[in-house]
$ cat entry.cif   # mmCIF, C-alpha atoms and all ligand atoms
data_upload
#
loop_
_atom_site.label_atom_id
_atom_site.label_comp_id
_atom_site.auth_asym_id
_atom_site.auth_seq_id
_atom_site.Cartn_x
_atom_site.Cartn_y
_atom_site.Cartn_z
CA MET A 167 4.37 13.51 4.43
CA GLN A 168 7.61 13.61 2.49
CA PHE A 169 8.00 12.02 -0.92
CA HIS A 170 11.29 11.12 -2.52
CA TYR A 171 10.82 10.92 -6.25
CA GLY A 172 13.85 10.23 -8.35
CA VAL A 173 12.47 11.03 -11.76
CA ILE A 174 10.20 14.09 -11.58
CA ARG A 175 10.32 15.72 -14.99
CA GLN A 176 9.19 18.94 -16.57
CA LEU A 177 5.99 18.33 -18.55
CA SER A 178 6.88 21.04 -21.08
CA GLU A 179 9.84 18.88 -22.13
CA LEU A 180 7.72 15.79 -22.87
CA ASN A 181 8.77 15.94 -26.54
CA TYR A 182 12.28 14.91 -25.51
CA HIS A 183 11.12 12.14 -23.17
CA LEU A 184 10.84 9.33 -25.69
CA ASP A 185 10.53 6.63 -23.03
CA VAL A 186 6.95 7.79 -22.34
CA GLU A 187 5.13 5.54 -24.79
CA SER A 188 1.63 5.37 -26.26
CA LYS A 189 0.78 2.45 -23.95
CA PRO A 190 -1.26 1.88 -20.77
CA GLY A 191 0.14 3.36 -17.61
CA VAL A 192 -0.32 5.62 -14.60
CA TYR A 193 1.05 9.09 -13.98
CA LEU A 194 1.44 11.56 -11.14
CA PHE A 195 1.50 15.34 -11.46
CA PHE A 196 3.25 17.88 -9.23
CA HIS A 197 3.23 21.67 -9.08
CA SER A 198 6.92 21.75 -8.10
CA THR A 199 9.82 19.31 -7.87
CA ASP A 200 9.74 19.26 -4.07
CA GLY A 201 5.97 19.53 -3.61
CA PRO A 202 3.43 16.77 -2.93
CA VAL A 203 1.60 14.64 -5.50
CA VAL A 204 -1.41 16.67 -6.69
CA TYR A 205 -2.90 14.38 -9.34
CA VAL A 206 -3.05 10.62 -9.96
CA GLY A 207 -4.34 9.30 -13.28
CA ARG A 208 -4.32 6.35 -15.67
CA SER A 209 -4.61 6.03 -19.40
CA GLY A 210 -4.53 3.45 -22.18
CA ASN A 211 -2.29 5.90 -24.04
CA LEU A 212 0.03 7.52 -21.55
CA ARG A 213 1.89 9.77 -23.97
CA GLU A 214 -1.28 11.23 -25.42
CA ARG A 215 -2.94 11.72 -22.02
CA ILE A 216 -0.28 13.62 -20.15
CA ARG A 217 0.53 15.98 -23.02
CA ASN A 218 -0.63 19.58 -22.56
CA ARG A 219 -2.03 19.18 -19.06
CA GLY A 220 -2.01 22.13 -16.69
CA TYR A 221 0.70 20.76 -14.41
CA ALA A 222 4.38 21.64 -14.38
CA TYR A 223 5.94 18.29 -13.45
CA TYR A 224 5.17 14.60 -13.85
CA THR A 225 6.37 11.08 -13.30
CA PHE A 226 4.96 7.88 -14.77
CA MET A 227 5.05 4.11 -15.08
CA HIS A 228 3.92 1.82 -17.89
CA CYS A 229 1.59 -1.12 -17.21
CA ASN A 230 0.86 -4.24 -19.22
CA THR A 231 -2.88 -3.66 -19.40
CA LEU A 232 -5.44 -0.97 -18.62
CA HIS A 233 -6.75 -3.12 -15.75
CA GLU A 234 -3.30 -3.27 -14.22
CA ALA A 235 -3.09 0.52 -14.62
CA TYR A 236 -6.43 0.84 -12.79
CA TRP A 237 -5.13 -1.28 -9.89
CA TYR A 238 -2.10 0.96 -9.46
CA GLU A 239 -4.14 4.12 -9.98
CA CYS A 240 -6.45 3.11 -7.11
CA ALA A 241 -3.58 2.16 -4.78
CA LEU A 242 -1.81 5.45 -5.52
CA PHE A 243 -5.04 7.47 -5.28
CA HIS A 244 -5.67 6.25 -1.73
CA THR A 245 -2.01 6.77 -0.78
CA TYR A 246 -1.79 10.38 -1.95
CA ARG A 247 -5.44 11.39 -1.46
CA PRO A 248 -4.77 14.08 1.21
CA THR A 249 -2.76 16.28 -1.19
CA LEU A 250 -4.66 15.66 -4.44
CA ASP A 251 -6.48 18.45 -6.33
CA ASN A 252 -9.06 15.95 -7.57
CA LYS A 253 -10.39 13.77 -4.76
CA ILE A 254 -12.99 11.90 -6.86
CA HIS A 255 -12.35 8.15 -6.74
CA PRO A 256 -11.02 6.67 -10.03
CA GLY A 257 -13.87 5.43 -12.22
CA ARG A 258 -14.22 1.66 -12.58
CA LEU A 259 -13.40 -0.19 -15.77
CA GLU A 260 -15.74 -2.48 -17.67
CA GLY A 261 -15.24 -6.22 -17.08
CA GLY A 262 -12.31 -8.11 -15.57
CA GLU A 263 -10.94 -7.33 -12.09
CA ASN A 264 -12.55 -3.94 -11.65
CA ASP A 265 -12.73 -3.54 -7.88
CA CYS A 266 -10.52 -0.96 -6.21
CA PRO A 267 -8.09 -3.04 -4.11
CA VAL A 268 -8.16 -0.57 -1.20
CA CYS A 269 -11.95 -0.19 -1.06
CA LYS A 270 -12.27 -3.97 -1.41
CA SER A 271 -10.10 -4.63 1.64
CA LYS A 272 -11.99 -1.94 3.58
CA ASN A 273 -15.19 -3.85 2.77
CA LEU A 274 -13.66 -7.12 3.95
CA LEU A 275 -12.63 -5.35 7.14
CA ARG A 276 -16.19 -4.11 7.74
CA GLN A 277 -17.54 -7.64 7.21
CA GLY A 278 -14.97 -9.05 9.66
CA LEU A 279 -15.92 -6.45 12.28
CA LYS A 280 -19.62 -7.28 11.83
CA LYS A 281 -18.81 -10.94 12.51
CA ILE A 282 -17.04 -9.97 15.70
CA ASP A 283 -20.12 -7.96 16.74
CA ARG A 284 -22.21 -11.08 16.21
CA GLN A 285 -19.65 -13.11 18.19
CA ASN A 286 -18.94 -15.16 15.09
CA TYR A 287 -15.24 -15.36 15.94
CA MET A 288 -14.15 -18.29 13.75
CA GLU A 289 -15.57 -16.65 10.64
CA ALA A 290 -14.08 -13.32 11.71
CA ILE A 291 -10.62 -14.92 11.89
CA GLU A 292 -11.07 -16.32 8.38
CA GLU A 293 -12.14 -12.91 7.10
CA PHE A 294 -9.17 -11.14 8.70
CA SER A 295 -6.70 -13.79 7.48
CA ARG A 296 -7.83 -13.07 3.94
CA ILE A 297 -7.29 -9.35 4.44
CA ILE A 298 -3.80 -9.95 5.80
CA GLN A 299 -2.79 -12.02 2.77
CA VAL A 300 -4.32 -9.51 0.36
CA SER A 301 -2.55 -6.65 2.12
CA ALA A 302 0.91 -8.28 1.83
CA ASP A 303 0.31 -8.43 -1.90
CA ALA A 304 -1.02 -4.86 -1.93
CA TYR A 305 2.08 -3.53 -0.14
CA PHE A 306 4.26 -5.47 -2.55
CA LYS A 307 2.48 -4.10 -5.61
CA ARG A 308 2.40 -0.55 -4.30
CA GLY A 309 6.11 -0.94 -3.56
CA LEU A 310 6.67 -1.91 -7.19
CA ALA A 311 4.70 1.10 -8.38
CA ARG A 312 6.67 3.44 -6.15
CA TYR A 313 9.91 1.86 -7.32
CA LYS A 314 8.97 2.37 -10.96
CA LEU A 315 7.95 5.96 -10.22
CA GLY A 316 11.35 6.62 -8.66
CA ASP A 317 10.16 6.81 -5.02
CA ASN A 318 12.85 4.47 -3.67
CA HIS A 319 12.35 5.43 -0.05
CA GLY A 320 8.58 4.75 -0.22
CA SER A 321 9.11 1.48 -2.07
CA ILE A 322 11.51 0.24 0.63
CA GLN A 323 8.85 0.96 3.27
CA ASP A 324 6.21 -0.97 1.32
CA PHE A 325 8.43 -3.99 0.63
CA THR A 326 9.37 -4.05 4.31
CA GLN A 327 5.67 -4.10 5.28
CA ALA A 328 5.02 -6.94 2.84
CA ILE A 329 7.92 -8.92 4.36
CA ARG A 330 6.64 -8.29 7.88
CA ILE A 331 3.26 -9.73 6.95
CA ASP A 332 4.69 -12.60 4.90
CA PRO A 333 8.33 -13.39 5.78
CA GLY A 334 8.50 -15.95 2.96
CA PHE A 335 7.74 -13.38 0.25
CA SER A 336 10.85 -13.72 -1.94
CA ARG A 337 9.71 -11.18 -4.56
CA ALA A 338 9.37 -8.55 -1.82
CA TYR A 339 13.00 -9.16 -0.78
CA LYS A 340 14.04 -8.90 -4.40
CA GLY A 341 12.05 -5.67 -4.81
CA ARG A 342 13.59 -4.17 -1.70
CA GLY A 343 17.03 -5.27 -2.90
CA ASN A 344 16.43 -3.43 -6.19
CA SER A 345 15.34 -0.29 -4.31
CA HIS A 346 18.44 -0.37 -2.11
CA TYR A 347 20.55 -0.91 -5.21
CA LYS A 348 19.00 2.19 -6.83
CA THR A 349 19.86 4.30 -3.78
CA GLY A 350 23.47 3.07 -3.85
CA ASN A 351 23.11 0.93 -0.72
CA TYR A 352 24.74 -2.13 -2.31
CA ARG A 353 25.44 -3.89 1.00
CA GLN A 354 21.78 -3.92 1.97
CA ALA A 355 20.80 -4.84 -1.59
CA ALA A 356 23.13 -7.87 -1.53
CA ARG A 357 21.62 -8.95 1.80
CA ASP A 358 18.08 -8.80 0.44
CA TYR A 359 19.02 -10.75 -2.70
CA SER A 360 20.66 -13.40 -0.48
CA GLN A 361 17.54 -13.69 1.63
CA ALA A 362 15.43 -14.06 -1.52
CA THR A 363 17.68 -16.86 -2.84
CA ARG A 364 17.15 -18.76 0.41
CA ILE A 365 13.43 -18.76 -0.32
CA ASN A 366 13.66 -19.16 -4.08
CA PRO A 367 17.06 -20.72 -4.86
CA THR A 368 16.58 -21.14 -8.62
CA ASP A 369 15.74 -17.55 -9.60
CA ALA A 370 18.67 -16.68 -11.87
CA SER A 371 18.06 -12.92 -11.77
CA LEU A 372 18.63 -12.87 -8.00
CA TYR A 373 22.19 -14.19 -8.43
CA TYR A 374 22.76 -11.79 -11.29
CA ASN A 375 21.64 -8.77 -9.25
CA LYS A 376 23.59 -9.98 -6.23
CA ALA A 377 26.70 -10.30 -8.39
CA LYS A 378 26.29 -6.71 -9.62
CA ALA A 379 25.95 -5.45 -6.04
CA HIS A 380 29.10 -7.28 -4.90
CA GLN A 381 30.95 -6.04 -7.95
CA LEU A 382 30.15 -2.46 -6.92
CA LEU A 383 31.31 -3.31 -3.40
CA GLN A 384 34.58 -4.46 -5.05
CA GLU A 385 34.05 -7.98 -3.75
CA ASN A 386 34.92 -9.62 -7.03
CA ASP A 387 35.24 -13.20 -5.80
CA ILE A 388 31.68 -13.21 -4.49
CA ALA A 389 30.54 -11.43 -7.66
CA LEU A 390 32.16 -14.12 -9.84
CA GLU A 391 30.58 -16.92 -7.86
CA ASN A 392 27.13 -15.33 -8.26
CA PHE A 393 27.53 -14.59 -11.98
CA LYS A 394 28.40 -18.29 -12.43
CA LYS A 395 25.30 -19.43 -10.57
CA ALA A 396 23.16 -16.94 -12.52
CA SER A 397 24.51 -18.25 -15.83
CA GLU A 398 23.67 -21.85 -14.84
CA PHE A 399 20.08 -20.98 -13.96
CA PHE A 400 19.56 -18.74 -17.00
CA LEU A 401 20.74 -21.65 -19.16
CA GLN A 402 18.48 -24.07 -17.31
CA ARG A 403 15.41 -22.01 -18.09
CA ASN A 404 16.59 -21.44 -21.64
CA ASP A 405 16.92 -17.65 -21.31
CA LEU A 406 19.76 -17.45 -23.79
CA SER A 407 19.94 -13.68 -24.03
CA MET A 408 20.43 -13.29 -20.24
CA TYR A 409 22.74 -16.30 -20.29
CA LYS A 410 24.95 -14.57 -22.83
CA GLN A 411 24.78 -11.24 -20.98
CA THR A 412 25.88 -12.98 -17.78
CA LEU A 413 28.79 -14.69 -19.52
CA ASP A 414 29.88 -11.33 -20.91
CA GLN A 415 29.85 -9.84 -17.40
CA LEU A 416 31.72 -12.85 -16.08
CA GLU A 417 34.36 -12.60 -18.77
CA LYS A 418 34.82 -8.87 -18.25
CA LEU A 419 35.21 -9.29 -14.51
CA GLN A 420 37.65 -12.17 -14.88
CA SER A 421 39.79 -10.37 -17.43
CA SER A 422 39.91 -7.34 -15.12
CA GLN A 423 41.29 -9.74 -12.51
CA GLY A 424 43.76 -11.29 -14.95
CA VAL A 425 42.09 -14.70 -14.97
CA ASN A 426 41.29 -16.57 -18.18
CA TYR A 427 37.74 -17.71 -18.53
CA LYS A 428 37.27 -21.15 -20.05
CA LYS A 429 33.91 -21.87 -21.66
ZN ZN A 501 -10.87 2.80 -3.58
#

$ encode --input "entry.cif" --output "structure tokens"
Amino acid sequence: MQFHYGVIRQLSELNYHLDVESKPGVYLFFHSTDGPVVYVGRSGNLRERIRNRGYAYYTFMHCNTLHEAYWYECALFHTYRPTLDNKIHPGRLEGGENDCPVCKSKNLLRQGLKKIDRQNYMEAIEEFSRIIQVSADAYFKRGLARYKLGDNHGSIQDFTQAIRIDPGFSRAYKGRGNSHYKTGNYRQAARDYSQATRINPTDASLYYNKAKAHQLLQENDIALENFKKASEFFLQRNDLSMYKQTLDQLEKLQSSQGVNYKK
């Protein structure tokens, strides 16, 4: 399996990497920049944990809580298990949502299969429908994790899977748009943002991102139109800092075109 990480860094240079904070998060270790993932871990204090470990390279993502970090750790553990040095399943946390999402869906699958064995087909369908919904969400979340870890190629695959399972999943389109944007595929990014706005037409950030993509495609008229829509929706939800940022972008783009912007 080939991995495409954008932000693999040298662990010995951690002192200069000030964006690695003393907060919850997950991390991956590598022996070389083009080698496979060899370690997956989580910590409540990412900066402290990854310091002085016996691996040459790392990548990381912050999480809001330790439980969220556990969720991602489990999803990543099962994904990269074949190449890991340590194949022991991540230990569970106390309290809260502490089931591994992958093991949980495997259990649901086993229960569904048992129902089929007992010719309990209606209940089996219910069981499998639950798994399908959970797995769209799991692909989406793993896609987010891969995106944050710099694996744009892998994140695009996961978002695509989530969309296949649930074609009305606007956040998966947005996620895939962001991944395409990161890889410089602005055309595809703009398409995904458009699709997401069809499902969720009042999400201001979609118009903002779409405007940025069209700007980079030098399609300034479409970019202007989308910045305007973004500004309206940011204002509507009272997000004044993004509202102002959007107006700044709008003004800059219009002045580059020689048009005066009237507030
Ligand atoms: Zn598991």

$ closest_residue --input "entry.cif" --among "A:Ser301, A:Ser295, A:Asn344, A:Thr225" --to "His197 in chain A" --atoms "all atoms listed in the file"
A:Thr225

$ closest_residue --input "entry.cif" --among "A:Asp265, A:Glu260, A:Glu234, A:Glu417" --to "ligand ZN 501 (chain A)" --atoms "only C-alpha atoms and all ligand atoms"
A:Asp265

$ closest_atom_pairs --input "entry.cif" --of "chain A" --to "ligand ZN 501 (chain A)" --cutoff "6 Å" --atoms "only C-alpha atoms and all ligand atoms" --output "JSON lines"
{"residue": "A:Cys240", "atom": "CA", "partner": "A:ZN501", "partner_atom": "ZN", "distance": 5.7}
{"residue": "A:Cys266", "atom": "CA", "partner": "A:ZN501", "partner_atom": "ZN", "distance": 4.6}
{"residue": "A:Val268", "atom": "CA", "partner": "A:ZN501", "partner_atom": "ZN", "distance": 4.9}
{"residue": "A:Cys269", "atom": "CA", "partner": "A:ZN501", "partner_atom": "ZN", "distance": 4.1}

$ residues_around --input "entry.cif" --residues "Phe306 in chain A" --least-positions-apart "4" --cutoff "8 Å" --atoms "only C-alpha atoms" --output "PDB file with C-alpha atoms, in the coordinates of the input"
ATOM      1  CA  ALA A 302       0.910  -8.280   1.830  1.00  0.00           C
ATOM      2  CA  LEU A 310       6.670  -1.910  -7.190  1.00  0.00           C
ATOM      3  CA  ASP A 324       6.210  -0.970   1.320  1.00  0.00           C
ATOM      4  CA  PHE A 325       8.430  -3.990   0.630  1.00  0.00           C
ATOM      5  CA  ALA A 328       5.020  -6.940   2.840  1.00  0.00           C
ATOM      6  CA  ALA A 338       9.370  -8.550  -1.820  1.00  0.00           C
TER       7      ALA A 338
END

$ axis_aligned_box --input "entry.cif" --around "range 410-419 of chain A" --padding-each-side "6 Å" --output "JSON"
{"center_x": 30.0, "center_y": -11.8, "center_z": -18.7, "size_x": 22.4, "size_y": 17.8, "size_z": 20.3}
